[in-house]
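Have a look at the structure below before the remarks.
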Amino acid sequence: MSGVTGGAAPAEETHTSPPTTPAARRAPVDLPPPFGDNNIEREPLWYEFGAGVDEPAVPPWTRVPEPPMTAHVAPPPPECVSGGGRRELPRRTAELLDAAPFPHGRVPGLPFEEALDRALVSSFGVQWSDPEHVYDPHRGYASPRCLYPVQVFVDDGAEWRLLEPERHALTRLTRGSHRGNRRRIALTGRYTRIPRGYKWFRGSLVNLELGIVLRSLALGLELFGISGQLVLPGEGSAALLGELGLAPDWEWSLPLVVELPQGPAEHAEQVPEFAGTSAAGPPDDPALRDLVRVNRTQAFGGPPAPVPPAVPPHPAAPQDPLSWAELMWRRNSGRMPRGMLGMSGRRAPASAASVADAVRWLGTPPPGASLRAAAELVRFTAVLQDTEGYRDGIHRVRPGGTVPVSADPTAAARLEAEYGYGLSPEAGCDIRNASAIWFMSVKPRELFARLGPDGWSAAQYFCGWALHGLCLSSTAHGMFARPVRAFNEIPTQRILGLEEDEMIALAVVAGTPRHAPHALLDIRV
């Protein structure tokens with residue numbers, strides 16, 4: 001999304017241009033086959049296609065039966081010291097954030113240690129519990145099925161601790177070997193927290209969530225006045241898994257590390273060195289073995305990159321005053337009542353400001369040259385309806401706003417028909433009623449040509465970064481925002497006017513909630 005900034009929609013927004021039809025586009029002959037036509041099955045094919053393989057072969061494990069999603073049991077957390085090894089985080093962070101107006105308010109003047117603790121609570125802390133919700137409790141950022149595969153580890157200069165949001169604590173690890181005297185935060189995803197039925201796609205879900213939590217962390221640091229520098233996976237990243245004592249290491253992604261200003265190191269009892277394992281993966285899970293192989297190809301290199309502001313320079317202030325605490329409380333993915341699955345929304349007008357503001361948040365640059373290079377190759381497409389100043393239909397994000405592609409008042413309804421989790425007695429699906437459906441797409445071969453194998457992960461990190469900004473922007477305008485990847489890809493390409501060699505990396509459904517919460521329990525500490 002090269003050069004995209006916020007701003008009002010251009011004057012020509014209310015007009016249309018001829019739609020891009022399949023016949024008008026060049027049709028490469030070496031695309032991944034339309035096998036299955038969904039992201040779980042096509043994802044490894046897109047990777048191989050980006051790496052230069054023409055008509056990549058379908059992996060033999062793609063259609064091997066897996067246990068049902070409901071049979072999944074998450075692994076226990078990494079081993080930690082109980083009792084005295086657990087340090088409670090400070091209380092009443094939400095009260096400080098409630099005194100900080102959105103979007104310009106900040107919490108200045110705290111000592112570094114307290115500011116860091118409160119930034120962690122702001123970024124990752126639990127918000128509310130909904131007795132009717134299938135996936136509970138709720139945090140301030142989106143995660144697939146609320147599984148939260150990305151774990152947060154904090155180095156205080158003397159030892160590593162695991163952030164345990166539900167315990168509101170940092171807990172010392174029992175294994176591993178601390179090295180150096182640096183202040184760091186490591187973000188690493190655990191693939192085995194995601195059901196096996198997602199197969200190779202578990203790698204993409206982890207990468208996307210790493211981008212989400214990176215921006216959530218950047219926001220927490222920004223709110224409390226802390227700077228940081230991002231180190232992307234490269235030399236030494238695999239050794240860091242051993243330093244953390246994470247075993248077997250094939251369960252974990254290479255970590256993203258945010259280096260913090262040097263603080264005083266506290267003396268800590270040294271834990272026994274733990275070497276971890278170097279096995280490629282479990283012999284009965286070839287999809288996991290292959291996604292770990294791809295993850296370990298990352299070699300970004302380069303110096304640490306300053307973590308930029310997570311908030312765009314000129315965000316729109318909400319019509320009704322809102323604090324940062326209230327914004328984090330309100331963020332949701334479309335509530336369903338009585339333990340039902342899916343999302344709900346009702347047809348309602350949306351303001352032109354909601355689109356202009358979303359473009360600003362999407363255009364906030366990520367940290368570092370590699371992620372910014374990937375961002376330049378990601379294309380944003382919006383399906384809008386009932387939005388002030390915009391024709392119902394397809395729009396592309398461009399510098400300064402959006403431009404129309406096709407006036408199609410049926411686009412949202414047609415997209416709902418291509419969504420993999422349709423309306424049923426157990427699940428809601430109101431894509432047809434959404435105010436905006438945002439798509440992020442990329443051409444894998446362009447990624448590899450620009451960044452080599454690193455381009456695959458870089459694009460997903462950036463899409464997660466952009467997604468979290470879009471979720472915050474939608475919340476500020478009174479809308480839910482639900483990240484999804486379950487669209488049938490080929491018909492969706494045609495509805496959106498995308499190229500045949502353009503992969504849909506992520507989508508977000510935003511709209512007005514249909515069901516108000518009944519009994520949210522405030523579990524902020």
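Ordering of the structure tokens sets the chain letters (A, B, ...); residue numbers start at 1 within each chain; ligands are numbered from 1 in the order shown.
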
task = Extract, using only C-alpha atoms, all DNA, RNA and protein residues at most 6 Å from Phe462 (chain A), discarding same-chain residues fewer than 3 positions from it, and format them as a ChimeraX atom specification.
result = /A:211,459,465

Selection to disk with N, CA and C atoms, as an mmCIF file, in the first residue's frame:
```cif
data_model
loop_
_atom_site.group_PDB
_atom_site.id
_atom_site.type_symbol
_atom_site.label_atom_id
_atom_site.label_comp_id
_atom_site.auth_asym_id
_atom_site.auth_seq_id
_atom_site.Cartn_x
_atom_site.Cartn_y
_atom_site.Cartn_z
ATOM 1 N N GLY A 211 1.761 -10.090 13.869
ATOM 2 C CA GLY A 211 1.608 -8.704 13.431
ATOM 3 C C GLY A 211 0.595 -7.948 14.263
ATOM 4 N N ALA A 459 4.879 -10.011 4.742
ATOM 5 C CA ALA A 459 3.544 -9.571 4.330
ATOM 6 C C ALA A 459 2.505 -9.928 5.383
ATOM 7 N N TRP A 465 -0.484 -6.218 11.461
ATOM 8 C CA TRP A 465 -0.296 -4.845 11.950
ATOM 9 C C TRP A 465 -1.453 -3.955 11.452
#
```

Per residue of region 287-312 of chain A within 10 Å of region 170-191 of chain A, which atom pair is closest and at what distance in Å (one decimal), using only C-alpha atoms, listed by chain and increasing number, as a Markdown table?
```
| residue | atom | partner | partner_atom | distance |
| --- | --- | --- | --- | --- |
| A:Leu288 | CA | A:Tyr191 | CA | 7.9 |
| A:Leu291 | CA | A:Tyr191 | CA | 9.4 |
| A:Val292 | CA | A:Tyr191 | CA | 9.1 |
```

For C-alpha atoms, I'd like the residues from the last selection saved as a JSON list (two decimals), in the first residue's frame.
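Just written: result.json:
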```json
[["chain", "number", "residue", "atom", "x", "y", "z"],
["A", 288, "LEU", "CA", 3.45, -28.92, 10.81],
["A", 291, "LEU", "CA", 5.32, -25.00, 8.00],
["A", 292, "VAL", "CA", 8.17, -25.06, 10.53]]
```

inquiry  = Among region 413-521 of chain A, which residues does DSSP mark as helix (DSSP H, G or I) when it is run on the backbone? Keep the chain and numbering as in the structure and answer as an MDAnalysis selection string.
reply    = chainID A and resid 413:417 431:433 444:451 454:476 489:496

request  = Tell me which protein, DNA and RNA residues are within 8 Å of Pro261 (chain A), counting only C-alpha atoms, leaving out same-chain ones fewer than 2 positions away, and put them as a ChimeraX atom specification.
outcome  = /A:183,227-228,259,263

I need the chosen residues saved as a compact mmCIF listing (two decimals), in the first residue's frame, with C-alpha atoms.
```
# COMPACT_ATOMS: atom_id res chain seq x y z
CA ARG A 183 15.71 -5.46 28.26
CA SER A 227 10.51 3.55 22.98
CA GLY A 228 11.58 0.25 21.46
CA GLU A 259 14.46 -4.29 22.50
CA GLY A 263 17.26 -0.54 32.69
```

inquiry  = I want to know what sits within 7 Å of region 315-317 of chain A, based on only C-alpha atoms, with residues of the same chain fewer than 4 positions away left out; could you give that as a PyMOL selection string?
reply    = chain A and resi 103+357+360

Take the residues that were just selected and, keeping C-alpha atoms, output them as a tab-separated table (two decimals), in the first residue's frame.
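The resulting selection.tsv:
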```
chain	number	residue	atom	x	y	z
A	103	PRO	CA	-6.97	9.26	20.28
A	357	ASP	CA	-10.25	7.14	9.24
A	360	ARG	CA	-5.40	6.45	7.94
```

request  = Go ahead and compute the interatomic distance for CA of Ala158 (chain A) and CA of Leu221 (chain A), in Å to one decimal.
outcome  =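 Separation of CA of Ala158 (chain A) and CA of Leu221 (chain A): 21.0 Å.
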
request  = Find, counting only C-alpha atoms, the residue in A:Asp98, A:Glu48, A:Glu41, A:Glu388 that gets nearest to Leu327 (chain A).
outcome  = A:Asp98

Residues of region 53-106 of chain A within 9 Å of region 194-208 of chain A: nearest atom pair and distance (Å, one decimal) for each, counting only C-alpha atoms, sorted by chain and number, as a tab-separated table?
```
residue	atom	partner	partner_atom	distance
A:Trp61	CA	A:Lys199	CA	8.7
A:Thr62	CA	A:Lys199	CA	7.6
A:Pro65	CA	A:Gly197	CA	8.0
A:Glu66	CA	A:Gly197	CA	5.5
A:Pro67	CA	A:Gly197	CA	6.7
A:Pro68	CA	A:Gly197	CA	6.9
A:Met69	CA	A:Pro195	CA	5.7
A:Thr70	CA	A:Pro195	CA	8.3
A:Ala71	CA	A:Pro195	CA	8.2
A:His72	CA	A:Pro195	CA	5.4
A:Val73	CA	A:Pro195	CA	7.9
A:Ala74	CA	A:Ile194	CA	7.4
```

note = Restricting to only C-alpha atoms, whichever of A:Ser457, A:Trp252, A:Arg445, A:Gly469 is closest to Ala51 (chain A) is A:Arg445

Best match for closeness to Ser406 (chain A) among A:Glu500, A:Asp392, A:Glu132, A:Glu222, counting only C-alpha atoms = A:Asp392

key: Filtered DSSP result for region 318-484 of chain A, state strand (DSSP E or B), as a ChimeraX atom specification   = /A:323,341-342,346,350,379-384,387,393-398,401-407,419,424,427-428,436-442,480-484

Can you check which parts of region 167-230 of chain A lie within 9 Å of region 106-123 of chain A? Per residue, the shortest pair of atoms and distance in Å to one decimal, counting only C-alpha atoms, sorted by chain and number, as CSV.
```
residue,atom,partner,partner_atom,distance
A:His168,CA,A:Val121,CA,7.8
A:Val213,CA,A:Ser123,CA,7.6
A:Arg215,CA,A:Ser123,CA,8.7
A:Ser216,CA,A:Ser123,CA,5.1
A:Leu217,CA,A:Ser123,CA,5.1
A:Ala218,CA,A:Ser123,CA,8.1
A:Leu219,CA,A:Ser123,CA,7.0
A:Gly220,CA,A:Ala119,CA,4.4
A:Leu221,CA,A:Ala119,CA,5.4
A:Glu222,CA,A:Arg106,CA,7.8
A:Leu223,CA,A:Arg106,CA,4.9
A:Phe224,CA,A:Val107,CA,5.2
A:Gly225,CA,A:Pro108,CA,6.4
A:Ile226,CA,A:Leu116,CA,7.3
```

message = My list of candidates is A:Pro248, A:Pro399, A:Gly345, A:Pro444. Which is closest to Pro44 (chain A) when distances are computed with only C-alpha atoms?
response =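 That would be A:Pro444, the residue with the smallest distance to Pro44 (chain A).
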